[in-house]
$ cat work.txt   # compact mmCIF, C-alpha atoms
# COMPACT_ATOMS: atom_id res chain seq x y z
CA MET A 4 -9.49 6.72 -24.57
CA GLU A 5 -10.71 8.92 -21.73
CA GLN A 6 -13.72 6.79 -20.86
CA GLN A 7 -11.30 3.97 -20.05
CA VAL A 8 -10.13 5.66 -16.88
CA PRO A 9 -13.46 5.16 -15.04
CA LEU A 10 -13.67 1.69 -16.58
CA PHE A 11 -10.24 0.77 -15.27
CA VAL A 12 -11.09 2.14 -11.82
CA LYS A 13 -14.28 0.11 -11.82
CA MET A 14 -12.38 -3.04 -12.77
CA ALA A 15 -9.74 -2.49 -10.10
CA LEU A 16 -12.49 -1.95 -7.51
CA GLN A 17 -14.31 -5.09 -8.62
CA SER A 18 -11.11 -7.04 -8.23
CA TRP A 19 -10.64 -5.70 -4.68
CA GLU A 20 -14.26 -6.40 -3.76
CA SER A 21 -14.30 -9.92 -5.11
CA ASN A 22 -11.18 -10.79 -3.12
CA ILE A 23 -12.64 -9.26 0.04
CA GLN A 24 -15.83 -11.23 -0.51
CA ARG A 25 -13.94 -14.48 -0.95
CA ALA A 26 -11.96 -13.85 2.23
CA ASP A 27 -15.11 -12.82 4.09
CA LYS A 28 -16.89 -16.00 3.03
CA LEU A 29 -13.95 -18.07 4.20
CA PHE A 30 -13.68 -16.35 7.59
CA THR A 31 -17.43 -16.82 8.05
CA GLU A 32 -17.12 -20.52 7.31
CA LEU A 33 -14.20 -21.05 9.67
CA THR A 34 -15.21 -21.69 13.28
CA ASP A 35 -13.46 -19.89 16.13
CA GLU A 36 -11.55 -23.12 16.76
CA GLN A 37 -10.45 -23.38 13.13
CA LEU A 38 -9.25 -19.78 13.25
CA LEU A 39 -6.68 -20.91 15.79
CA LEU A 40 -5.25 -23.50 13.39
CA GLU A 41 -2.05 -22.88 11.46
CA VAL A 42 -2.35 -22.72 7.67
CA ALA A 43 0.54 -25.23 7.52
CA PRO A 44 2.71 -26.75 10.26
CA GLY A 45 4.70 -23.99 11.98
CA LYS A 46 3.13 -21.21 9.86
CA ASN A 47 0.70 -18.39 10.68
CA ARG A 48 -2.62 -19.15 12.28
CA ALA A 49 -5.77 -17.98 10.48
CA TYR A 50 -6.29 -15.86 13.62
CA TYR A 51 -3.07 -14.00 12.86
CA LEU A 52 -4.03 -13.47 9.22
CA LEU A 53 -7.42 -12.10 10.23
CA GLY A 54 -5.79 -9.55 12.57
CA HIS A 55 -3.13 -8.86 9.93
CA PHE A 56 -5.80 -8.02 7.35
CA VAL A 57 -7.59 -5.68 9.76
CA ALA A 58 -4.34 -3.86 10.57
CA VAL A 59 -3.23 -3.61 6.91
CA HIS A 60 -6.65 -2.45 5.71
CA ASP A 61 -6.93 0.00 8.58
CA ARG A 62 -3.59 1.50 7.56
CA MET A 63 -4.94 2.01 4.05
CA LEU A 64 -7.10 4.85 5.41
CA THR A 65 -4.07 6.97 6.25
CA LEU A 66 -1.90 5.69 3.41
CA LEU A 67 -4.57 6.74 0.92
CA GLY A 68 -5.11 9.99 2.83
CA LEU A 69 -8.81 9.20 3.13
CA GLY A 70 -9.39 8.83 6.86
CA GLU A 71 -8.06 8.26 10.34
CA ARG A 72 -7.01 4.86 11.63
CA GLN A 73 -9.45 3.00 13.80
CA TYR A 74 -7.40 0.08 15.15
CA PRO A 75 -3.75 1.15 15.58
CA GLN A 76 -3.58 -1.05 18.70
CA LEU A 77 -3.38 -4.12 16.42
CA ASP A 78 -0.05 -3.19 14.81
CA ALA A 79 2.22 -4.49 17.57
CA VAL A 80 0.70 -7.96 17.36
CA PHE A 81 -0.31 -8.32 13.70
CA LEU A 82 2.11 -6.14 11.74
CA SER A 83 5.37 -5.66 13.64
CA ALA A 84 5.62 -9.16 15.10
CA PRO A 85 5.33 -12.68 13.71
CA ASP A 86 2.55 -14.95 14.93
CA ASN A 87 2.97 -16.24 18.45
CA VAL A 88 1.01 -19.44 18.65
CA GLU A 89 1.05 -19.30 22.46
CA ALA A 90 -0.89 -16.02 22.58
CA THR A 91 -4.33 -14.81 21.56
CA PRO A 92 -4.17 -11.22 22.82
CA PHE A 93 -7.35 -10.03 21.10
CA PRO A 94 -10.64 -11.94 21.27
CA VAL A 95 -11.62 -13.63 18.02
CA HIS A 96 -15.09 -12.08 17.99
CA GLU A 97 -13.54 -8.61 18.24
CA LEU A 98 -11.34 -9.23 15.19
CA ARG A 99 -14.30 -10.60 13.26
CA THR A 100 -16.26 -7.40 13.96
CA GLN A 101 -13.30 -5.19 13.03
CA TRP A 102 -12.78 -7.11 9.78
CA LYS A 103 -16.38 -6.41 8.75
CA SER A 104 -16.23 -2.81 9.89
CA ILE A 105 -12.96 -1.75 8.25
CA ASN A 106 -13.92 -3.31 4.93
CA GLU A 107 -17.30 -1.59 4.99
CA THR A 108 -15.60 1.71 5.78
CA LEU A 109 -13.20 1.29 2.86
CA GLU A 110 -15.99 0.19 0.54
CA LYS A 111 -17.96 3.37 1.23
CA ILE A 112 -14.94 5.58 0.68
CA PHE A 113 -13.85 3.74 -2.46
CA THR A 114 -17.19 3.85 -4.22
CA ASN A 115 -17.52 7.58 -3.57
CA LEU A 116 -14.03 8.53 -4.72
CA PRO A 117 -14.07 10.22 -8.16
CA ALA A 118 -12.12 8.13 -10.68
CA GLU A 119 -9.38 10.69 -11.26
CA GLU A 120 -8.63 10.96 -7.53
CA TRP A 121 -7.38 7.39 -7.57
CA PHE A 122 -4.38 8.81 -9.39
CA TYR A 123 -3.51 11.30 -6.66
CA LYS A 124 -0.39 10.51 -4.70
CA HIS A 125 -0.55 8.36 -1.61
CA THR A 126 0.76 9.74 1.67
CA SER A 127 4.06 7.89 1.92
CA VAL A 128 5.55 9.56 -1.15
CA SER A 129 6.71 13.20 -1.18
CA GLU A 130 5.35 15.73 -3.69
CA GLU A 131 8.81 15.86 -5.20
CA ASP A 132 9.22 12.12 -5.69
CA PHE A 133 5.65 11.85 -6.95
CA LYS A 134 6.50 14.17 -9.84
CA LYS A 135 9.16 11.70 -10.95
CA GLU A 136 7.17 8.58 -10.03
CA PRO A 137 3.50 9.24 -10.79
CA HIS A 138 2.63 5.57 -10.39
CA ARG A 139 3.03 5.96 -6.60
CA ASN A 140 -0.62 6.82 -6.33
CA ARG A 141 -3.71 5.53 -4.57
CA MET A 142 -4.49 3.12 -7.39
CA ASN A 143 -1.16 1.42 -6.86
CA VAL A 144 -2.05 0.90 -3.20
CA LEU A 145 -5.37 -0.63 -4.24
CA LEU A 146 -3.75 -3.02 -6.74
CA SER A 147 -1.06 -4.09 -4.32
CA ARG A 148 -3.44 -4.59 -1.39
CA THR A 149 -5.73 -6.65 -3.64
CA ASN A 150 -2.78 -8.93 -4.39
CA HIS A 151 -2.05 -9.04 -0.68
CA VAL A 152 -5.54 -10.37 0.03
CA SER A 153 -5.12 -13.04 -2.69
CA TYR A 154 -1.76 -14.05 -1.31
CA HIS A 155 -3.04 -14.83 2.18
CA LEU A 156 -6.35 -16.17 0.87
CA GLY A 157 -4.34 -18.88 -0.91
CA GLN A 158 -2.97 -19.82 2.52
CA LEU A 159 -6.25 -19.60 4.41
CA VAL A 160 -8.05 -22.05 2.13
CA LEU A 161 -5.52 -24.69 3.17
CA ILE A 162 -7.25 -24.88 6.55
CA LYS A 163 -10.52 -26.06 5.04
CA LYS A 164 -11.00 -29.84 5.11
CA MET B 313 -7.07 12.70 -17.62
CA GLU B 314 -5.90 11.11 -20.84
CA GLN B 315 -2.27 10.62 -19.83
CA GLN B 316 -3.49 8.30 -17.09
CA VAL B 317 -4.39 5.58 -19.54
CA PRO B 318 -0.81 4.58 -20.28
CA LEU B 319 -0.03 5.17 -16.59
CA PHE B 320 -2.54 2.67 -15.29
CA VAL B 321 -1.68 0.15 -17.98
CA LYS B 322 1.92 0.54 -16.85
CA MET B 323 0.91 0.01 -13.22
CA ALA B 324 -1.10 -3.11 -14.00
CA LEU B 325 1.85 -4.48 -15.99
CA GLN B 326 4.26 -3.71 -13.17
CA SER B 327 2.01 -5.56 -10.77
CA TRP B 328 1.97 -8.60 -13.08
CA GLU B 329 5.73 -8.48 -13.57
CA SER B 330 6.56 -8.13 -9.91
CA ASN B 331 4.43 -11.15 -9.07
CA ILE B 332 6.01 -13.19 -11.85
CA GLN B 333 9.44 -12.18 -10.59
CA ARG B 334 8.63 -13.20 -7.04
CA ALA B 335 7.35 -16.57 -8.22
CA ASP B 336 10.34 -17.02 -10.50
CA LYS B 337 12.74 -16.29 -7.65
CA LEU B 338 10.97 -18.82 -5.48
CA PHE B 339 10.95 -21.57 -8.12
CA THR B 340 14.66 -20.92 -8.70
CA GLU B 341 15.37 -21.28 -4.99
CA LEU B 342 13.40 -24.49 -4.64
CA THR B 343 15.35 -27.63 -5.49
CA ASP B 344 13.83 -30.33 -7.69
CA GLU B 345 13.24 -32.33 -4.51
CA GLN B 346 11.49 -29.43 -2.81
CA LEU B 347 9.26 -29.00 -5.85
CA LEU B 348 7.85 -32.44 -5.09
CA LEU B 349 6.79 -31.37 -1.59
CA GLU B 350 3.20 -30.45 -0.75
CA VAL B 351 2.57 -26.85 0.30
CA ALA B 352 0.67 -28.27 3.30
CA PRO B 353 -0.23 -31.86 4.27
CA GLY B 354 -2.53 -33.35 1.63
CA LYS B 355 -2.46 -30.21 -0.56
CA ASN B 356 -0.93 -29.46 -3.97
CA ARG B 357 2.75 -30.06 -4.59
CA ALA B 358 4.86 -27.13 -5.78
CA TYR B 359 5.39 -29.28 -8.87
CA TYR B 360 1.65 -29.14 -9.58
CA LEU B 361 1.52 -25.38 -9.06
CA LEU B 362 4.45 -24.88 -11.44
CA GLY B 363 2.68 -26.87 -14.17
CA HIS B 364 -0.60 -25.14 -13.32
CA PHE B 365 1.01 -21.73 -13.83
CA VAL B 366 2.46 -22.78 -17.19
CA ALA B 367 -0.92 -24.07 -18.38
CA VAL B 368 -2.85 -21.01 -17.13
CA HIS B 369 -0.35 -18.54 -18.59
CA ASP B 370 -0.20 -20.46 -21.84
CA ARG B 371 -3.99 -20.20 -22.08
CA MET B 372 -3.71 -16.44 -21.72
CA LEU B 373 -2.31 -16.29 -25.26
CA THR B 374 -5.57 -17.48 -26.78
CA LEU B 375 -7.81 -15.88 -24.15
CA LEU B 376 -6.25 -12.50 -24.93
CA GLY B 377 -6.34 -13.26 -28.64
CA LEU B 378 -2.64 -12.58 -28.88
CA GLY B 379 -1.13 -15.87 -29.92
CA GLU B 380 -1.37 -19.63 -30.25
CA ARG B 381 -0.98 -21.99 -27.33
CA GLN B 382 2.36 -23.67 -26.90
CA TYR B 383 1.70 -26.30 -24.21
CA PRO B 384 -1.89 -27.57 -24.49
CA GLN B 385 -0.64 -31.02 -23.47
CA LEU B 386 -0.38 -29.77 -19.86
CA ASP B 387 -4.11 -29.13 -19.41
CA ALA B 388 -5.16 -32.68 -18.62
CA VAL B 389 -2.70 -32.90 -15.73
CA PHE B 390 -2.50 -29.33 -14.41
CA LEU B 391 -5.87 -27.75 -15.19
CA SER B 392 -8.59 -30.38 -15.51
CA ALA B 393 -7.36 -32.70 -12.75
CA PRO B 394 -6.30 -32.23 -9.14
CA ASP B 395 -2.74 -33.04 -8.11
CA ASN B 396 -1.90 -36.74 -8.02
CA VAL B 397 0.96 -37.10 -5.60
CA GLU B 398 1.76 -40.55 -7.01
CA ALA B 399 2.54 -39.23 -10.48
CA THR B 400 5.07 -36.90 -12.05
CA PRO B 401 4.09 -37.18 -15.71
CA PHE B 402 6.24 -34.31 -16.96
CA PRO B 403 9.91 -33.92 -16.02
CA VAL B 404 10.58 -31.05 -13.61
CA HIS B 405 13.29 -29.53 -15.83
CA GLU B 406 10.84 -29.38 -18.72
CA LEU B 407 8.28 -27.45 -16.63
CA ARG B 408 11.01 -25.10 -15.42
CA THR B 409 11.96 -24.30 -19.03
CA GLN B 410 8.32 -23.83 -20.05
CA TRP B 411 7.70 -21.52 -17.10
CA LYS B 412 10.55 -19.25 -18.20
CA SER B 413 9.55 -19.43 -21.84
CA ILE B 414 5.83 -18.69 -21.52
CA ASN B 415 6.44 -15.75 -19.22
CA GLU B 416 9.03 -14.31 -21.59
CA THR B 417 6.61 -14.73 -24.47
CA LEU B 418 3.85 -12.94 -22.56
CA GLU B 419 6.23 -10.21 -21.42
CA LYS B 420 7.21 -9.40 -25.02
CA ILE B 421 3.61 -9.31 -26.17
CA PHE B 422 2.46 -7.24 -23.18
CA THR B 423 5.12 -4.55 -23.47
CA ASN B 424 4.40 -4.12 -27.18
CA LEU B 425 0.63 -3.93 -26.89
CA PRO B 426 -0.65 -0.36 -27.34
CA ALA B 427 -2.35 0.84 -24.14
CA GLU B 428 -5.83 1.15 -25.68
CA GLU B 429 -5.75 -2.44 -26.95
CA TRP B 430 -5.80 -3.70 -23.36
CA PHE B 431 -9.45 -2.61 -23.39
CA TYR B 432 -10.40 -4.76 -26.36
CA LYS B 433 -12.57 -7.72 -25.55
CA HIS B 434 -11.04 -11.04 -24.62
CA THR B 435 -11.94 -14.10 -26.66
CA SER B 436 -14.34 -15.81 -24.28
CA VAL B 437 -16.92 -13.04 -24.48
CA SER B 438 -19.16 -12.44 -27.51
CA GLU B 439 -19.27 -9.08 -29.32
CA GLU B 440 -22.84 -8.73 -28.14
CA ASP B 441 -22.13 -9.36 -24.45
CA PHE B 442 -19.05 -7.15 -24.61
CA LYS B 443 -21.19 -4.18 -25.58
CA LYS B 444 -23.12 -4.61 -22.34
CA GLU B 445 -20.11 -5.63 -20.25
CA PRO B 446 -17.10 -3.64 -21.46
CA HIS B 447 -15.05 -4.69 -18.43
CA ARG B 448 -14.71 -8.17 -19.94
CA ASN B 449 -11.56 -7.05 -21.66
CA ARG B 450 -7.90 -8.04 -21.78
CA MET B 451 -7.07 -5.82 -18.82
CA ASN B 452 -9.46 -7.78 -16.67
CA VAL B 453 -7.66 -10.99 -17.61
CA LEU B 454 -4.36 -9.37 -16.64
CA LEU B 455 -5.67 -8.21 -13.25
CA SER B 456 -7.26 -11.53 -12.46
CA ARG B 457 -4.23 -13.60 -13.52
CA THR B 458 -2.00 -11.35 -11.41
CA ASN B 459 -4.17 -12.18 -8.40
CA HIS B 460 -3.96 -15.83 -9.36
CA VAL B 461 -0.16 -15.70 -9.19
CA SER B 462 -0.33 -14.04 -5.74
CA TYR B 463 -2.79 -16.62 -4.50
CA HIS B 464 -0.56 -19.60 -5.24
CA LEU B 465 2.60 -17.69 -4.35
CA GLY B 466 1.21 -17.41 -0.82
CA GLN B 467 1.03 -21.21 -0.79
CA LEU B 468 4.42 -21.84 -2.38
CA VAL B 469 6.32 -19.81 0.21
CA LEU B 470 5.07 -22.24 2.87
CA ILE B 471 7.50 -24.82 1.51
CA LYS B 472 10.51 -22.70 2.34
CA LYS B 473 12.03 -23.62 5.72

$ encode --input "work.txt" --output "structure tokens"
Amino acid sequence: MEQQVPLFVKMALQSWESNIQRADKLFTELTDEQLLLEVAPGKNRAYYLLGHFVAVHDRMLTLLGLGERQYPQLDAVFLSAPDNVEATPFPVHELRTQWKSINETLEKIFTNLPAEEWFYKHTSVSEEDFKKEPHRNRMNVLLSRTNHVSYHLGQLVLIKK
Amino acid sequence: MEQQVPLFVKMALQSWESNIQRADKLFTELTDEQLLLEVAPGKNRAYYLLGHFVAVHDRMLTLLGLGERQYPQLDAVFLSAPDNVEATPFPVHELRTQWKSINETLEKIFTNLPAEEWFYKHTSVSEEDFKKEPHRNRMNVLLSRTNHVSYHLGQLVLIKK
């Protein structure tokens, strides 16, 4: 059964990548004006979700223990606070560049990580708790962040047409 | 590394279950009237997404090669056709019951399936292709259907308040 570990890792990575690609395609198709639209009346703007993705994916670097954050300045607007439709504190083109950059950074790290290291603990669990809860590992972060992309992707597509 | 096989199967199952539970909680909170609302103007009704989930999860039985379909009559309305806001061909209470039932059925099958059997091929790939593409297995169906739940869950929450 041992050869299934790399296979599983490959499948989980493919799932992450295909969701990132779908989101990337969608963001590319949306104009800067469309990015400022809400996904539904009174709900988050696509702009907010773009910044939210950058912040969440940027945090994965430290959560996985695989790098230093690049865009911590986004947290106050896109993680700690709800969308404020009156404000556009970061330029759209800057977020678009950061979205590409952070996903490329993760992609490089992910494809170079040996399969077994996906099962190392992530950084927000203690060594002690990890002994009791070995599922609190990097792979769990990958699976849950993949679902997170899907979740907001389902909202973003509502803006099209 | 061998002990990680049951561990990652367990993680993938937990991810599926937690998404099902979130969706179940939401459907329980939504009234029958709310189920008939669109997630955004001109988009699918929650009613459609409920039926769509039942049909897609029901199809997993045959796709995984683990059982016979129970609700093939839903396909024409909830899989092959887009939502028709003028029509409510199946009673809401019936879909609610089927949603509970199909997920319980899957849950029982999933928890009893030996870890290594998740890496057997699914039924829409030939033996020949599977040799070349061993990721086309049951686990891949589980990961992709988990993302599918997340995707529509992101839309369903828009109906709340």

$ residues_around --input "work.txt" --residues "A:Pro85" --least-positions-apart "3" --cutoff "10 Å" --atoms "only C-alpha atoms" --output "list in words"
Lys46, Asn47, Tyr51, Ala79, Val80, Phe81, Leu82 and Val88 of chain A

$ residues_around --input "work.txt" --residues "B:Leu373" --least-positions-apart "2" --cutoff "10 Å" --atoms "all atoms listed in the file" --output "PyMOL selection string"
chain B and resi 368-371+375-382+414+417-418+421+435

$ interface_residues --input "work.txt" --of "chain A" --to "chain B" --cutoff "9 Å" --atoms "all atoms listed in the file" --output "PyMOL selection string"
chain A and resi 4-8+10-11+13-15+18+22+42-44+46+119+122+137-138+142-143+146-147+149-158+161

$ atom_distance --input "work.txt" --atom1 "atom CA of B:Pro401" --atom2 "atom CA of B:Leu338"
22.1 Å

$ closest_residue --input "work.txt" --among "A:Leu77, A:Gln37, A:His96, A:Arg141" --to "A:Lys124" --atoms "all atoms listed in the file"
A:Arg141

$ closest_residue --input "work.txt" --among "B:Glu329, B:Glu350, B:Asp441, B:Asp344" --to "B:Thr423" --atoms "all atoms listed in the file"
B:Glu329

$ closest_residue --input "work.txt" --among "A:Val144, A:Ala58, A:Met63, A:Val95" --to "A:Ser83" --atoms "all atoms listed in the file"
A:Ala58

$ closest_residue --input "work.txt" --among "A:Ala49, A:Pro94, A:Glu120, A:Ser104" --to "A:Tyr74" --atoms "all atoms listed in the file"
A:Ser104

$ atom_distance --input "work.txt" --atom1 "atom CA of A:Glu107" --atom2 "atom CA of A:Leu33"
20.3 Å

$ closest_residue --input "work.txt" --among "B:Trp411, B:Glu445, B:Leu348, B:Pro384" --to "B:Gln333" --atoms "all atoms listed in the file"
B:Trp411

$ decode --input "work.txt" --residues "stretch 82-94 of chain A" --atoms "N, CA and C atoms" --output "PDB file, in the first residue's frame"
ATOM      1  N   LEU A  82      -9.062  39.737   5.827  1.00  0.00           N
ATOM      2  CA  LEU A  82      -9.234  38.578   6.717  1.00  0.00           C
ATOM      3  C   LEU A  82      -9.990  38.948   7.986  1.00  0.00           C
ATOM      4  N   SER A  83      -9.574  40.051   8.614  1.00  0.00           N
ATOM      5  CA  SER A  83     -10.143  40.406   9.923  1.00  0.00           C
ATOM      6  C   SER A  83     -11.446  41.184   9.802  1.00  0.00           C
ATOM      7  N   ALA A  84     -11.677  41.774   8.641  1.00  0.00           N
ATOM      8  CA  ALA A  84     -12.866  42.624   8.480  1.00  0.00           C
ATOM      9  C   ALA A  84     -13.737  42.103   7.349  1.00  0.00           C
ATOM     10  N   PRO A  85     -15.044  42.385   7.431  1.00  0.00           N
ATOM     11  CA  PRO A  85     -15.922  42.048   6.297  1.00  0.00           C
ATOM     12  C   PRO A  85     -15.692  43.054   5.171  1.00  0.00           C
ATOM     13  N   ASP A  86     -16.261  42.762   4.018  1.00  0.00           N
ATOM     14  CA  ASP A  86     -16.110  43.666   2.880  1.00  0.00           C
ATOM     15  C   ASP A  86     -16.771  45.008   3.180  1.00  0.00           C
ATOM     16  N   ASN A  87     -16.096  46.053   2.807  1.00  0.00           N
ATOM     17  CA  ASN A  87     -16.672  47.395   2.904  1.00  0.00           C
ATOM     18  C   ASN A  87     -16.790  47.955   1.496  1.00  0.00           C
ATOM     19  N   VAL A  88     -18.013  47.946   1.018  1.00  0.00           N
ATOM     20  CA  VAL A  88     -18.274  48.259  -0.387  1.00  0.00           C
ATOM     21  C   VAL A  88     -17.913  49.705  -0.745  1.00  0.00           C
ATOM     22  N   GLU A  89     -17.751  50.525   0.283  1.00  0.00           N
ATOM     23  CA  GLU A  89     -17.387  51.937   0.071  1.00  0.00           C
ATOM     24  C   GLU A  89     -15.894  52.108  -0.210  1.00  0.00           C
ATOM     25  N   ALA A  90     -15.099  51.082   0.127  1.00  0.00           N
ATOM     26  CA  ALA A  90     -13.640  51.268   0.108  1.00  0.00           C
ATOM     27  C   ALA A  90     -12.938  50.270  -0.808  1.00  0.00           C
ATOM     28  N   THR A  91     -11.892  50.761  -1.454  1.00  0.00           N
ATOM     29  CA  THR A  91     -11.057  49.908  -2.302  1.00  0.00           C
ATOM     30  C   THR A  91      -9.608  50.240  -1.967  1.00  0.00           C
ATOM     31  N   PRO A  92      -9.184  49.852  -0.749  1.00  0.00           N
ATOM     32  CA  PRO A  92      -7.902  50.332  -0.213  1.00  0.00           C
ATOM     33  C   PRO A  92      -6.667  49.860  -0.979  1.00  0.00           C
ATOM     34  N   PHE A  93      -6.760  48.753  -1.679  1.00  0.00           N
ATOM     35  CA  PHE A  93      -5.614  48.304  -2.481  1.00  0.00           C
ATOM     36  C   PHE A  93      -6.013  48.300  -3.961  1.00  0.00           C
ATOM     37  N   PRO A  94      -5.110  48.780  -4.828  1.00  0.00           N
ATOM     38  CA  PRO A  94      -5.454  48.804  -6.252  1.00  0.00           C
ATOM     39  C   PRO A  94      -5.683  47.393  -6.798  1.00  0.00           C
TER      40      PRO A  94
END
